[in-house]
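> This is protein-v9.pdb (PDB, C-alpha atoms).
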ATOM      1  CA  MET Y  15      67.241  98.271 155.744
ATOM      2  CA  ILE Y  16      68.560  96.031 153.001
ATOM      3  CA  ARG Y  17      66.743  92.760 152.502
ATOM      4  CA  THR Y  18      68.475  89.754 151.057
ATOM      5  CA  ARG Y  19      67.250  86.400 149.861
ATOM      6  CA  ARG Y  20      67.381  83.650 152.440
ATOM      7  CA  ALA Y  21      67.918  80.783 150.036
ATOM      8  CA  GLY Y  22      70.385  78.293 151.378
ATOM      9  CA  LYS Y  23      69.680  79.040 155.054
ATOM     10  CA  LYS Y  24      69.609  75.330 155.869
ATOM     11  CA  GLY Y  25      72.989  74.903 154.184
ATOM     12  CA  LEU Y  26      74.424  77.820 156.155
ATOM     13  CA  VAL Y  27      73.187  76.441 159.493
ATOM     14  CA  VAL Y  28      74.496  72.959 158.698
ATOM     15  CA  GLY Y  29      77.831  74.500 157.622
ATOM     16  CA  LEU Y  30      78.087  76.430 160.882
ATOM     17  CA  VAL Y  31      77.403  73.275 162.889
ATOM     18  CA  VAL Y  32      80.044  71.342 160.932
ATOM     19  CA  ALA Y  33      82.526  74.197 161.453
ATOM     20  CA  ALA Y  34      81.799  74.122 165.183
ATOM     21  CA  VAL Y  35      82.452  70.378 165.308
ATOM     22  CA  VAL Y  36      85.703  70.697 163.327
ATOM     23  CA  CYS Y  37      86.930  73.611 165.451
ATOM     24  CA  GLY Y  38      86.018  71.774 168.632
ATOM     25  CA  SER Y  39      87.906  68.655 167.653
ATOM     26  CA  ALA Y  40      91.014  70.676 166.774
ATOM     27  CA  ALA Y  41      91.252  72.696 170.001
ATOM     28  CA  ALA Y  42      92.014  71.089 173.355
ATOM     29  CA  ALA Y  43      89.859  72.001 176.373
ATOM     30  CA  VAL Y  44      87.178  73.627 174.227
ATOM     31  CA  ILE Y  45      83.542  72.574 174.053
ATOM     32  CA  PRO Y  46      81.843  74.119 170.993
ATOM     33  CA  VAL Y  47      78.360  75.450 171.637
ATOM     34  CA  TYR Y  48      75.953  77.118 169.281
ATOM     35  CA  TRP Y  49      73.031  79.354 170.157
ATOM     36  CA  LEU Y  50      70.225  80.196 167.774
ATOM     37  CA  SER Y  51      67.598  82.898 168.074
ATOM     38  CA  LEU Y  52      64.255  81.637 166.755
ATOM     39  CA  HIS Y  53      60.969  83.303 165.869
ATOM     40  CA  ALA Y  54      57.655  82.546 164.190
ATOM     41  CA  ARG Y  55      54.690  84.661 163.202
ATOM     42  CA  LEU Y  56      51.618  82.692 164.204
ATOM     43  CA  ALA Y  57      49.024  83.348 161.515
ATOM     44  CA  PRO Y  58      45.399  82.285 161.866
ATOM     45  CA  ALA Y  59      44.722  78.921 160.247
ATOM     46  CA  ALA Y  60      41.073  78.861 161.326
ATOM     47  CA  GLY Y  61      38.730  81.095 163.304
ATOM     48  CA  ASN Y  62      40.149  84.354 164.647
ATOM     49  CA  SER Y  63      41.870  86.917 162.422
ATOM     50  CA  ALA Y  64      44.439  88.055 165.021
ATOM     51  CA  ALA Y  65      48.028  86.803 164.844
ATOM     52  CA  GLY Y  66      50.520  85.863 167.556
ATOM     53  CA  GLN Y  67      54.280  85.573 167.986
ATOM     54  CA  PHE Y  68      56.655  82.792 169.055
ATOM     55  CA  SER Y  69      60.242  83.553 170.026
ATOM     56  CA  GLY Y  70      62.924  81.410 171.550
ATOM     57  CA  THR Y  71      66.540  80.442 171.885
ATOM     58  CA  LEU Y  72      68.022  77.052 171.099
ATOM     59  CA  LEU Y  73      71.254  76.029 172.814
ATOM     60  CA  VAL Y  74      73.181  72.966 171.617
ATOM     61  CA  SER Y  75      76.603  71.736 172.726
ATOM     62  CA  VAL Y  76      78.282  69.460 170.224
ATOM     63  CA  GLY Y  77      80.755  67.707 172.526
ATOM     64  CA  GLY Y  78      84.479  68.299 172.783
ATOM     65  CA  THR Y  79      87.283  67.553 175.215
ATOM     66  CA  ASN Y  80      87.312  67.585 179.004
ATOM     67  CA  PRO Y  81      88.741  70.931 180.244
ATOM     68  CA  ALA Y  82      90.162  69.244 183.362
ATOM     69  CA  GLU Y  83      91.879  66.495 181.372
ATOM     70  CA  PRO Y  84      92.388  67.354 177.660
ATOM     71  CA  SER Y  85      93.286  63.759 176.762
ATOM     72  CA  ASP Y  86      89.860  62.609 178.054
ATOM     73  CA  PRO Y  87      87.179  63.392 175.420
ATOM     74  CA  LEU Y  88      83.718  64.251 176.716
ATOM     75  CA  SER Y  89      80.852  62.163 175.524
ATOM     76  CA  PRO Y  90      78.765  64.005 172.936
ATOM     77  CA  VAL Y  91      75.861  65.908 174.433
ATOM     78  CA  LYS Y  92      72.605  64.224 173.498
ATOM     79  CA  ARG Y  93      70.308  67.119 174.459
ATOM     80  CA  SER Y  94      69.370  70.566 173.221
ATOM     81  CA  VAL Y  95      67.557  73.186 175.293
ATOM     82  CA  LEU Y  96      64.772  75.300 173.792
ATOM     83  CA  THR Y  97      63.655  78.294 175.846
ATOM     84  CA  TRP Y  98      60.504  79.821 174.359
ATOM     85  CA  LYS Y  99      57.934  82.598 174.753
ATOM     86  CA  LEU Y 100      54.464  83.040 173.221
ATOM     87  CA  SER Y 101      52.600  86.315 172.751
ATOM     88  CA  LEU Y 102      49.024  85.551 171.780
ATOM     89  CA  PRO Y 103      45.894  87.577 171.083
ATOM     90  CA  PRO Y 104      42.930  87.103 173.431
ATOM     91  CA  LEU Y 105      41.408  83.716 172.560
ATOM     92  CA  ARG Y 106      38.310  81.979 173.962
ATOM     93  CA  GLY Y 107      38.605  78.672 175.729
ATOM     94  CA  PRO Y 108      41.629  76.704 176.892
ATOM     95  CA  ILE Y 109      44.767  77.382 174.869
ATOM     96  CA  SER Y 110      47.402  74.758 174.086
ATOM     97  CA  ALA Y 111      50.621  75.110 172.083
ATOM     98  CA  SER Y 112      52.875  72.525 170.484
ATOM     99  CA  LEU Y 113      56.106  72.337 168.506
ATOM    100  CA  ARG Y 114      55.809  70.028 165.502
ATOM    101  CA  LEU Y 115      58.806  68.609 163.655
ATOM    102  CA  ARG Y 116      58.299  67.374 160.101
ATOM    103  CA  ALA Y 117      59.328  63.897 159.089
ATOM    104  CA  THR Y 118      62.705  63.497 157.419
ATOM    105  CA  THR Y 119      64.261  60.540 155.636
ATOM    106  CA  SER Y 120      65.928  59.471 158.891
ATOM    107  CA  ALA Y 121      63.415  60.632 161.520
ATOM    108  CA  ALA Y 122      59.700  60.336 162.170
ATOM    109  CA  PRO Y 123      57.459  63.350 162.713
ATOM    110  CA  LEU Y 124      57.328  64.564 166.309
ATOM    111  CA  VAL Y 125      54.947  66.698 168.379
ATOM    112  CA  ARG Y 126      56.196  68.237 171.650
ATOM    113  CA  VAL Y 127      53.698  70.064 173.857
ATOM    114  CA  LEU Y 128      54.937  73.517 174.832
ATOM    115  CA  CYS Y 129      52.046  74.239 177.185
ATOM    116  CA  GLU Y 130      48.515  73.165 178.011
ATOM    117  CA  ARG Y 131      46.141  75.782 179.422
ATOM    118  CA  CYS Y 132      48.535  78.491 178.196
ATOM    119  CA  SER Y 133      48.133  82.142 179.057
ATOM    120  CA  THR Y 134      48.394  84.797 176.346
ATOM    121  CA  THR Y 135      52.003  85.437 177.462
ATOM    122  CA  ALA Y 136      53.216  81.886 178.096
ATOM    123  CA  HIS Y 137      56.885  80.919 178.365
ATOM    124  CA  GLY Y 138      58.901  77.860 179.246
ATOM    125  CA  ARG Y 139      61.768  75.503 178.483
ATOM    126  CA  ILE Y 140      61.850  72.052 176.946
ATOM    127  CA  MET Y 141      64.619  69.551 176.411
ATOM    128  CA  LEU Y 142      65.097  68.091 172.947
ATOM    129  CA  THR Y 143      67.493  65.474 171.690
ATOM    130  CA  LYS Y 144      70.476  66.747 169.761
ATOM    131  CA  SER Y 145      68.983  65.599 166.432
ATOM    132  CA  GLN Y 146      65.631  67.257 167.253
ATOM    133  CA  GLY Y 147      67.495  70.475 168.061
ATOM    134  CA  LEU Y 148      69.270  70.301 164.713
ATOM    135  CA  ARG Y 149      65.923  69.802 162.959
ATOM    136  CA  VAL Y 150      64.579  72.943 164.659
ATOM    137  CA  ALA Y 151      67.779  74.779 163.643
ATOM    138  CA  THR Y 152      67.220  73.886 159.985
ATOM    139  CA  SER Y 153      63.682  75.334 160.038
ATOM    140  CA  ASP Y 154      61.897  71.961 160.003
ATOM    141  CA  ALA Y 155      59.594  73.006 162.867
ATOM    142  CA  VAL Y 156      56.135  74.564 163.094
ATOM    143  CA  VAL Y 157      54.437  76.041 166.179
ATOM    144  CA  VAL Y 158      50.695  75.347 166.432
ATOM    145  CA  VAL Y 159      48.415  77.063 168.965
ATOM    146  CA  THR Y 160      44.861  75.772 169.366
ATOM    147  CA  ALA Y 161      41.917  77.227 171.254
ATOM    148  CA  ALA Y 162      38.135  76.910 171.010
ATOM    149  CA  SER Y 163      37.963  80.158 169.016
ATOM    150  CA  ALA Y 164      40.985  79.820 166.703
ATOM    151  CA  THR Y 165      44.000  77.885 165.490
ATOM    152  CA  LEU Y 166      47.257  79.741 164.894
ATOM    153  CA  ARG Y 167      50.330  78.281 163.212
ATOM    154  CA  GLY Y 168      53.670  79.429 161.884
ATOM    155  CA  PRO Y 169      57.011  78.018 160.718
ATOM    156  CA  VAL Y 170      59.955  78.482 163.071
ATOM    157  CA  LYS Y 171      62.703  80.585 161.492
ATOM    158  CA  VAL Y 172      66.288  81.180 162.567
ATOM    159  CA  SER Y 173      67.018  84.897 162.941
ATOM    160  CA  ALA Y 174      70.514  84.923 164.511
ATOM    161  CA  ARG Y 175      73.338  82.440 165.016
ATOM    162  CA  ILE Y 176      76.155  82.588 167.530
ATOM    163  CA  ILE Y 177      78.856  79.960 167.877
ATOM    164  CA  ALA Y 178      80.869  80.075 171.059
ATOM    165  CA  SER Y 179      83.332  77.959 172.967
ATOM    166  CA  ALA Y 180      82.840  76.967 176.583
ATOM    167  CA  ARG Y 181      86.015  76.355 178.510
TER     168      ARG Y 181
END
Would you mind writing the file out in structure tokens?


Amino acid sequence: MIRTRRAGKKGLVVGLVVAAVVCGSAAAAVIPVYWLSLHARLAPAAGNSAAGQFSGTLLVSVGGTNPAEPSDPLSPVKRSVLTWKLSLPPLRGPISASLRLRATTSAAPLVRVLCERCSTTAHGRIMLTKSQGLRVATSDAVVVVTAASATLRGPVKVSARIIASAR
């Protein structure tokens, strides 16, 4: 397996999103959608020495034209959908997990609860705004799992990108 440097990943993701918007505005009856595969290794920040895993998919539609009436543009979608799964080591006490978005120059920091009283194999789906979804896509997110016996945390990384068109 050949490993390459991942410098410029944020620029690549932003470029792909811009390309999707440009392609969507040029083609009638096409709604550009992008899908990202996400993962994070949850390393112990305090307590336990065992690590966990976060994986998920992020789906964002960036607007387009109405397939039934090409001259009628659709309003831009203001939501992203994050479907996620946690694989955790055995931890003592109630477990909770959250997705934390760092502050940017145009947005405040944000904490979204993934689950309270999580199991060691928790999964779910949350809705995010479009801008929050883009912040997750540019690796500005961290998953934090807390329990009485340990705290695990890890940065969310993009591992695969697919841009598609919905008709």

> Quick one: residues within 9 Å of Ile176 of chain Y, only C-alpha atoms counted, chain neighbours fewer than 5 positions away excluded, as a PyMOL selection string?

chain Y and resi 47-51

> Can you translate the PyMOL selection byres ((chain Y and resi 52) around 10) into the concrete residues it hits in this file, as a PDB file with C-alpha atoms, in the frame of the given file?


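Saved file part18.pdb follows:
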ATOM      1  CA  TRP Y  49      73.031  79.354 170.157  1.00  0.00           C
ATOM      2  CA  LEU Y  50      70.225  80.196 167.774  1.00  0.00           C
ATOM      3  CA  SER Y  51      67.598  82.898 168.074  1.00  0.00           C
ATOM      4  CA  HIS Y  53      60.969  83.303 165.869  1.00  0.00           C
ATOM      5  CA  ALA Y  54      57.655  82.546 164.190  1.00  0.00           C
ATOM      6  CA  PHE Y  68      56.655  82.792 169.055  1.00  0.00           C
ATOM      7  CA  SER Y  69      60.242  83.553 170.026  1.00  0.00           C
ATOM      8  CA  GLY Y  70      62.924  81.410 171.550  1.00  0.00           C
ATOM      9  CA  THR Y  71      66.540  80.442 171.885  1.00  0.00           C
ATOM     10  CA  LEU Y  72      68.022  77.052 171.099  1.00  0.00           C
ATOM     11  CA  LEU Y  96      64.772  75.300 173.792  1.00  0.00           C
ATOM     12  CA  THR Y  97      63.655  78.294 175.846  1.00  0.00           C
ATOM     13  CA  TRP Y  98      60.504  79.821 174.359  1.00  0.00           C
ATOM     14  CA  VAL Y 150      64.579  72.943 164.659  1.00  0.00           C
ATOM     15  CA  ALA Y 151      67.779  74.779 163.643  1.00  0.00           C
ATOM     16  CA  SER Y 153      63.682  75.334 160.038  1.00  0.00           C
ATOM     17  CA  VAL Y 170      59.955  78.482 163.071  1.00  0.00           C
ATOM     18  CA  LYS Y 171      62.703  80.585 161.492  1.00  0.00           C
ATOM     19  CA  VAL Y 172      66.288  81.180 162.567  1.00  0.00           C
ATOM     20  CA  SER Y 173      67.018  84.897 162.941  1.00  0.00           C
ATOM     21  CA  ALA Y 174      70.514  84.923 164.511  1.00  0.00           C
ATOM     22  CA  ARG Y 175      73.338  82.440 165.016  1.00  0.00           C
TER      23      ARG Y 175
END

> Would you kindly identify which residues have an atom no farther than 8 Å from (65.8, 72.0, 174.0), using all atoms listed in the file and the file's own coordinates, and write them out as a list in words?

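Those residues lying close to the given coordinates are Leu72, Leu73, Val74, Arg93, Ser94, Val95, Leu96, Thr97, Arg139, Ile140, Met141, Leu142, Thr143 and Gly147 of chain Y.
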
> Using atom CA of Asn62 of chain Y and atom CA of Thr135 of chain Y as the two end points, give the distance in Å to one decimal.

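Going from atom CA of Asn62 of chain Y over to atom CA of Thr135 of chain Y covers 17.5 Å.
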
> Env of Pro169 of chain Y: 7 Å cut, atoms = only C-alpha atoms, seq-sep filter 6 positions within chain, self excluded. Answer as a PyMOL selection string.

chain Y and resi 54+155-157

> Taking the file as shown, what set of residues would the PyMOL selection byres ((chain Y and resi 123-125) around 10) give back, as a list in words?

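Going through the file, the PyMOL selection byres ((chain Y and resi 123-125) around 10) ends up selecting Ser112, Leu113, Arg114, Leu115, Arg116, Ala117, Thr118, Ala121, Ala122, Arg126, Val127, Leu128, Gln146, Ala155, Val156, Val157 and Val158 of chain Y.
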
> Kindly list the centre and edge lengths in Å, rounded to one decimal, for the axis-aligned box that covers all listed atoms of segment 142-148 of chain Y plus 5 Å on each of its six sides, as AutoDock Vina command-line options.


--center_x 67.8 --center_y 68.0 --center_z 168.8 --size_x 15.4 --size_y 15.0 --size_z 18.2

> To one decimal place in Å, what is the distance between atom CA of Glu130 of chain Y and atom CA of Lys144 of chain Y?

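If I compute the distance from atom CA of Glu130 of chain Y to atom CA of Lys144 of chain Y, I get 24.3 Å.
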
> Generate the missing atoms of segment 54-66 of chain Y up to N, CA, C and O atoms and report them as a tab-separated table (two decimals), keeping the file's coordinate frame.


chain	number	residue	atom	x	y	z
Y	54	ALA	N	58.70	82.97	165.11
Y	54	ALA	CA	57.66	82.55	164.19
Y	54	ALA	C	56.48	83.51	164.32
Y	54	ALA	O	56.12	83.90	165.43
Y	55	ARG	N	55.93	83.90	163.20
Y	55	ARG	CA	54.69	84.66	163.20
Y	55	ARG	C	53.57	83.64	163.13
Y	55	ARG	O	53.51	82.85	162.20
Y	56	LEU	N	52.70	83.66	164.13
Y	56	LEU	CA	51.62	82.69	164.20
Y	56	LEU	C	50.38	83.27	163.53
Y	56	LEU	O	49.68	84.11	164.09
Y	57	ALA	N	50.14	82.85	162.31
Y	57	ALA	CA	49.02	83.35	161.51
Y	57	ALA	C	47.79	82.49	161.77
Y	57	ALA	O	47.91	81.29	162.06
Y	58	PRO	N	46.62	83.07	161.65
Y	58	PRO	CA	45.40	82.28	161.87
Y	58	PRO	C	45.21	81.24	160.77
Y	58	PRO	O	45.28	81.54	159.59
Y	59	ALA	N	45.02	79.99	161.19
Y	59	ALA	CA	44.72	78.92	160.25
Y	59	ALA	C	43.22	78.70	160.19
Y	59	ALA	O	42.70	78.26	159.17
Y	60	ALA	N	42.53	79.00	161.28
Y	60	ALA	CA	41.07	78.86	161.33
Y	60	ALA	C	40.55	79.75	162.45
Y	60	ALA	O	41.21	79.93	163.47
Y	61	GLY	N	39.37	80.31	162.25
Y	61	GLY	CA	38.73	81.10	163.30
Y	61	GLY	C	39.17	82.54	163.30
Y	61	GLY	O	39.03	83.25	162.32
Y	62	ASN	N	39.75	82.98	164.38
Y	62	ASN	CA	40.15	84.35	164.65
Y	62	ASN	C	41.02	84.94	163.54
Y	62	ASN	O	41.69	84.22	162.82
Y	63	SER	N	41.02	86.28	163.42
Y	63	SER	CA	41.87	86.92	162.42
Y	63	SER	C	43.13	87.52	163.04
Y	63	SER	O	43.98	88.03	162.32
Y	64	ALA	N	43.27	87.48	164.35
Y	64	ALA	CA	44.44	88.06	165.02
Y	64	ALA	C	45.61	87.07	164.97
Y	64	ALA	O	45.42	85.86	164.96
Y	65	ALA	N	46.82	87.62	164.92
Y	65	ALA	CA	48.03	86.80	164.84
Y	65	ALA	C	48.77	86.84	166.17
Y	65	ALA	O	48.54	87.71	167.01
Y	66	GLY	N	49.69	85.92	166.35
Y	66	GLY	CA	50.52	85.86	167.56
Y	66	GLY	C	51.98	85.75	167.19
Y	66	GLY	O	52.35	85.71	166.00
